[in-house]
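Peer 1: I'd like to ask some things about the structure below.
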Amino acid sequence: MKIDPHANYPTRECPGCAVEVPANENRCPICGYEFPARGPLHRNLIWIVALLLILFLLPLLLSLR
Ligand SMILES: [Zn+2]
């Protein structure tokens with residue numbers, strides 16, 4: 001069995017120096033570029049806000065008809 005070091009963990013390309021950085025690293029070890037924090041919590045927050053907007057707007061739209 002061949003072990004590929006890149007297959008074990010996800011990587012992302014640094015926009016500063018085009019080096020593959022482990023996805024769990026928030027800062028590039030080569031050039032020090034800081035990746036913008038985009039965790040699953042932030043994504044959930046957007047969905048909760050969108051859902052609340054729909055819940056508030058839907059009765060409003062229905063009452064306008
Ligand atoms: Zn870099």
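Every chain in the structure tokens has a letter given in the order shown (A, B, ...), and although residue numbers restart at 1 in each chain, ligands are simply numbered from 1 in the order shown.
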Do you know which residues are within 10 Å of ligand 1 using only C-alpha atoms and all ligand atoms? Can you write them as a list in words?
Peer 2: Glu13, Cys14, Pro15, Gly16, Cys17, Ala18, Val19, Glu20, Val21, Arg27, Cys28, Pro29, Ile30, Cys31, Gly32, Tyr33, Glu34 and Phe35 of chain A
Peer 1: Taking only chain A into account, list the residues labelled strand (DSSP E or B) by DSSP (computed from the backbone), as a VMD selection string.
Peer 2: chain A and resid 11 to 13 20 to 22 27 34
Peer 1: From a DSSP calculation on the backbone, collect every residue of chain A in alpha helix (DSSP H) and output the set as a list in words.
Peer 2: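 DSSP on the backbone gives alpha helix (DSSP H) at Pro40, Leu41, His42, Arg43, Asn44, Leu45, Ile46, Trp47, Ile48, Val49, Ala50, Leu51, Leu52, Leu53, Ile54, Leu55, Phe56, Leu57, Leu58, Pro59, Leu60, Leu61, Leu62, Ser63 and Leu64 of chain A.
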Peer 1: Taking 4 positions as the minimum chain separation for residues in the same chain, which residues sit within 9 Å of A:Pro10 when counting only C-alpha atoms? Answer as a list in words.
Peer 2: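 So the residues in contact are His6, Val21, Pro22, Ala23 and Asn24 of chain A.
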